[in-house]
Structure formats: C-alpha cells, structure tokens
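Heads up, query37.txt below (compact mmCIF, C-alpha atoms):
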# COMPACT_ATOMS: atom_id res chain seq x y z
CA MET A 9 -26.44 22.33 -11.98
CA ALA A 10 -23.91 25.11 -12.23
CA SER A 11 -22.26 26.48 -9.10
CA ARG A 12 -23.91 29.86 -9.65
CA GLU A 13 -27.35 28.24 -9.74
CA VAL A 14 -26.67 26.44 -6.46
CA ALA A 15 -25.41 29.68 -4.89
CA LYS A 16 -28.58 31.53 -5.98
CA ARG A 17 -30.73 28.83 -4.39
CA GLY A 18 -28.71 29.15 -1.18
CA ASP A 19 -27.77 25.47 -1.01
CA ARG A 20 -24.69 24.66 1.03
CA GLN A 21 -21.63 23.93 -1.08
CA LEU A 22 -18.42 22.10 -0.38
CA ALA A 23 -15.30 23.52 -2.00
CA ALA A 24 -11.80 22.23 -2.58
CA ARG A 25 -8.73 24.21 -3.58
CA GLY A 26 -9.03 25.14 -7.20
CA GLY A 27 -12.72 25.97 -6.85
CA ARG A 28 -14.08 22.46 -7.43
CA ARG A 29 -17.47 22.13 -5.73
CA LEU A 30 -20.27 19.70 -5.10
CA ALA A 31 -23.71 20.74 -3.92
CA GLU A 32 -24.12 17.64 -1.75
CA GLN A 33 -21.92 15.31 0.29
CA ARG A 34 -20.97 12.29 -1.85
CA VAL A 35 -19.02 10.33 0.76
CA ILE A 36 -20.25 8.80 4.01
CA ALA A 37 -18.64 6.45 6.55
CA THR A 38 -19.59 3.38 8.52
CA GLU A 39 -19.55 3.64 12.30
CA ALA A 40 -16.33 1.57 12.37
CA ALA A 41 -14.66 4.01 9.95
CA ARG A 42 -15.85 7.04 11.93
CA GLU A 43 -14.46 5.56 15.14
CA ALA A 44 -11.13 4.80 13.41
CA VAL A 45 -10.92 8.39 12.09
CA ILE A 46 -11.66 9.81 15.55
CA ARG A 47 -8.93 7.64 17.15
CA LEU A 48 -6.42 8.41 14.40
CA ARG A 49 -7.14 12.13 14.52
CA ALA A 50 -6.66 12.14 18.32
CA ALA A 51 -3.26 10.48 17.85
CA ARG A 52 -2.04 12.27 14.69
CA GLY A 53 -3.93 15.56 14.47
CA PRO A 54 -6.00 16.82 11.51
CA LEU A 55 -6.39 14.36 8.63
CA MET A 56 -7.42 14.32 4.99
CA PHE A 57 -8.48 11.57 2.57
CA VAL A 58 -7.76 11.21 -1.14
CA GLN A 59 -9.40 8.49 -3.21
CA SER A 60 -6.50 7.07 -5.20
CA ALA A 61 -7.11 6.42 -8.88
CA GLY A 62 -4.94 3.35 -8.41
CA CYS A 63 -3.10 1.32 -10.98
CA CYS A 64 -2.29 -2.32 -10.37
CA GLY A 65 -3.91 -2.50 -6.93
CA GLY A 66 -6.99 -0.54 -7.87
CA SER A 67 -8.61 2.46 -6.30
CA VAL A 68 -8.21 2.89 -2.53
CA PRO A 69 -8.72 5.70 -0.04
CA MET A 70 -5.46 7.20 1.17
CA CYS A 71 -5.38 8.88 4.58
CA PHE A 72 -2.75 11.57 5.23
CA PRO A 73 -2.02 14.18 7.87
CA ALA A 74 -3.91 17.30 6.71
CA GLY A 75 -1.92 19.20 4.09
CA GLU A 76 0.57 16.40 3.41
CA TYR A 77 -1.08 15.70 0.06
CA LEU A 78 -1.38 18.81 -2.07
CA THR A 79 -4.71 19.07 -3.83
CA GLY A 80 -5.10 21.10 -6.99
CA PRO A 81 -7.64 22.30 -9.51
CA GLY A 82 -8.28 18.75 -10.73
CA ASP A 83 -9.34 17.55 -7.27
CA LEU A 84 -12.92 17.61 -6.08
CA LEU A 85 -14.02 17.74 -2.43
CA LEU A 86 -16.65 15.01 -2.09
CA GLY A 87 -17.41 15.79 1.55
CA ARG A 88 -16.05 15.40 5.06
CA ILE A 89 -15.73 12.40 7.31
CA VAL A 90 -15.82 13.46 10.97
CA GLY A 91 -14.54 16.86 9.83
CA CYS A 92 -11.77 15.46 7.61
CA PRO A 93 -11.94 16.44 3.91
CA PHE A 94 -12.27 13.65 1.33
CA TYR A 95 -11.02 14.40 -2.21
CA MET A 96 -11.20 12.64 -5.57
CA ASP A 97 -9.78 13.50 -8.98
CA THR A 98 -12.46 15.12 -11.15
CA ARG A 99 -11.89 12.67 -14.03
CA GLN A 100 -12.29 9.72 -11.67
CA TYR A 101 -15.45 11.28 -10.24
CA GLU A 102 -16.96 11.41 -13.73
CA THR A 103 -16.74 7.60 -13.81
CA TRP A 104 -18.17 7.20 -10.28
CA ARG A 105 -20.72 10.02 -10.30
CA ALA A 106 -23.72 7.64 -10.13
CA ALA A 107 -22.55 6.36 -6.75
CA LYS A 108 -21.95 7.59 -3.24
CA LEU A 109 -18.71 6.43 -1.62
CA VAL A 110 -18.83 4.66 1.73
CA LEU A 111 -15.61 4.74 3.78
CA ASP A 112 -15.09 1.60 5.85
CA VAL A 113 -12.27 -0.36 7.51
CA GLU A 114 -11.01 -3.90 6.93
CA PRO A 115 -8.23 -6.02 8.36
CA GLY A 116 -4.89 -5.59 6.61
CA SER A 117 -2.10 -3.13 5.97
CA PRO A 118 -2.73 0.24 4.30
CA GLU A 119 -1.77 0.84 0.67
CA GLY A 120 1.09 3.11 -0.33
CA PHE A 121 1.76 6.01 2.00
CA SER A 122 -1.66 5.96 3.68
CA LEU A 123 -1.94 6.02 7.45
CA ALA A 124 -3.36 2.83 8.97
CA ALA A 125 -6.93 2.89 10.27
CA GLY A 126 -5.69 1.22 13.47
CA ASP A 127 -3.67 -1.83 14.46
CA GLY A 128 -4.00 -4.25 11.57
CA LEU A 129 -6.67 -2.16 9.82
CA HIS A 130 -6.82 -0.13 6.63
CA PHE A 131 -9.43 2.12 5.05
CA VAL A 132 -11.49 0.90 2.09
CA THR A 133 -14.23 2.47 0.00
CA ARG A 134 -17.36 0.82 -1.24
CA THR A 135 -19.97 2.29 -3.52
CA MET A 136 -23.66 2.76 -2.92
CA ALA A 137 -25.82 3.41 -5.99
CA LEU A 138 -27.68 6.71 -5.94
CA PRO A 139 -31.39 6.66 -6.71
CA SER A 140 -32.17 7.35 -10.35
CA PRO A 141 -33.45 10.89 -11.05
CA GLY A 142 -36.95 9.65 -11.91
CA GLY A 143 -37.45 7.27 -9.04

Since I need it in another form, could you write the structure as structure tokens?
Amino acid sequence: MASREVAKRGDRQLAARGGRRLAEQRVIATEAAREAVIRLRAARGPLMFVQSAGCCGGSVPMCFPAGEYLTGPGDLLLGRIVGCPFYMDTRQYETWRAAKLVLDVEPGSPEGFSLAAGDGLHFVTRTMALPSPGG
C-alpha cells in the first residue's frame, strides 16, 4: 500500500529520516528487553536501535545514544521500543518483510559499538512469522 493511500485512510504512520515509512509497527520487545531499555535510557539518555546487516557475525541489533548513528534515505523506521526508534536498511527489510522482529536480551557482550543491555547482557533480535494474508 502506498504512503498516500495510508494517509487517505488516516492510519498512523511511522517515519524515518528520508521519508521511509511503515503503516504498522514491525518490531516488538520482550519484557526483559523493555526493562533493559528503560534502565539503559535512565543511565544514558535517549537511545536508538539499528538492525545491523552484519557480515561475519550476522545480523544483530545495535543500540546507540540517540543521534549517534546517522540514518539516511535507505533506512526504514520499523517502530519504537519504549519510545526508542528502531531502524533497518530498506534492502534488508525486503528480505525480512514476512516477519516481525522481537528485541530480546541474552547473556554476553554486545557486538561492535553497541551499548550493552546491562551487566553481561546484549540485545538480540528474533523473528516471528506474520500471518499469511489469506489466513
């Protein structure tokens, strides 16, 4: 559905820099992840997430202080986790579009430059299949 069609229907849209939009939230979080985000935000201030396209280590969610990672026209806002925006590259989204992302936490160190989810914890994403259009 085109953005104009969604706007005419009055559905709520989410927008990232560059005008990339989704009509519905495509990322959710477990209670453990929400609690970690709340604690981290209280300690560090506003946050943002970017789903890394990965290379050798694979695709992981990266957590940054808000604005530390510059998004652009190729980034899509999938939704917000406890008020924190969650972005993914549009090309990567095309591969994952049949799934909803679930942000969670696991024991271990964070990847790359990501903030830790807490002492000895890092953020991870899992996928949840969306229902098929006909059923």

Might you pull out every residue within 6 Å of A:Ala125, with all atoms listed in the file counted and same-chain residues fewer than 5 positions away left off, and present them as a VMD selection string? chain A and resid 44 130 to 131

Quick one, how far is atom CA of A:Phe72 from atom CA of A:Ala37?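 Atom CA of A:Ala37 lies at a distance of 16.7 Å from atom CA of A:Phe72.
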
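Using all atoms listed in the file, the nearest neighbour of A:Arg47 within the list A:Ala124, A:Leu86, A:Ala107, A:Leu78 is A:Ala124.
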
Just the number, please: distance in Å from atom CA of A:Asp112 to atom CA of A:Ala61, one decimal.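 Interatomic distance, atom CA of A:Asp112 to atom CA of A:Ala61: 17.4 Å.
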
So that all listed atoms of stretch 128-137 of chain A fit with 5 Å spare on each side, what axis-aligned box centre and edge lengths in Å, to one decimal, would you give as AutoDock Vina command-line options?
--center_x -14.9 --center_y -0.4 --center_z 2.8 --size_x 31.8 --size_y 17.7 --size_z 27.6

With distances taken over only C-alpha atoms, which of A:Gly126, A:Ala51, A:Ser60, A:Cys71 is nearest to A:Tyr101?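 Checking each candidate against A:Tyr101, we get A:Ser60 as the closest.
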
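Closest approach to A:Leu85 among A:Phe57, A:Leu123, A:Pro73, A:Val113 is made by A:Phe57 (distances from all atoms listed in the file).
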
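Residue nearest A:Ala106, chosen from A:Pro69, A:Val45, A:Leu55, A:Thr135 and counting all atoms listed in the file: A:Thr135.
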
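Picture a line from atom CA of A:Asp83 to atom CA of A:Tyr95; it runs 6.2 Å.
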
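Between A:Arg49 and the residues A:Ile36, A:Val110, A:Leu138, A:Ala74, the shortest atom-to-atom distance, using all atoms listed in the file, involves A:Ala74.
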
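Within 8 Å of A:Val35, once all atoms listed in the file are used and residues closer than 3 positions along the same chain are dropped, the contacting residues are A:Leu86, A:Gly87, A:Arg88, A:Ile89, A:Phe94, A:Lys108, A:Leu109, A:Val110, A:Leu111.
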
With C-alpha atoms retained, could you export that selection as a PDB file, keeping the file's coordinate frame?
ATOM      1  CA  LEU A  86     -16.650  15.010  -2.090  1.00  0.00           C
ATOM      2  CA  GLY A  87     -17.410  15.790   1.550  1.00  0.00           C
ATOM      3  CA  ARG A  88     -16.050  15.400   5.060  1.00  0.00           C
ATOM      4  CA  ILE A  89     -15.730  12.400   7.310  1.00  0.00           C
ATOM      5  CA  PHE A  94     -12.270  13.650   1.330  1.00  0.00           C
ATOM      6  CA  LYS A 108     -21.950   7.590  -3.240  1.00  0.00           C
ATOM      7  CA  LEU A 109     -18.710   6.430  -1.620  1.00  0.00           C
ATOM      8  CA  VAL A 110     -18.830   4.660   1.730  1.00  0.00           C
ATOM      9  CA  LEU A 111     -15.610   4.740   3.780  1.00  0.00           C
TER      10      LEU A 111
END

Would you please work out which residue, of A:Ala40, A:Gly80, A:Arg52, A:Arg105, is nearest to A:Pro139 when using all atoms listed in the file?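 For A:Pro139, the nearest of the given residues is A:Arg105.
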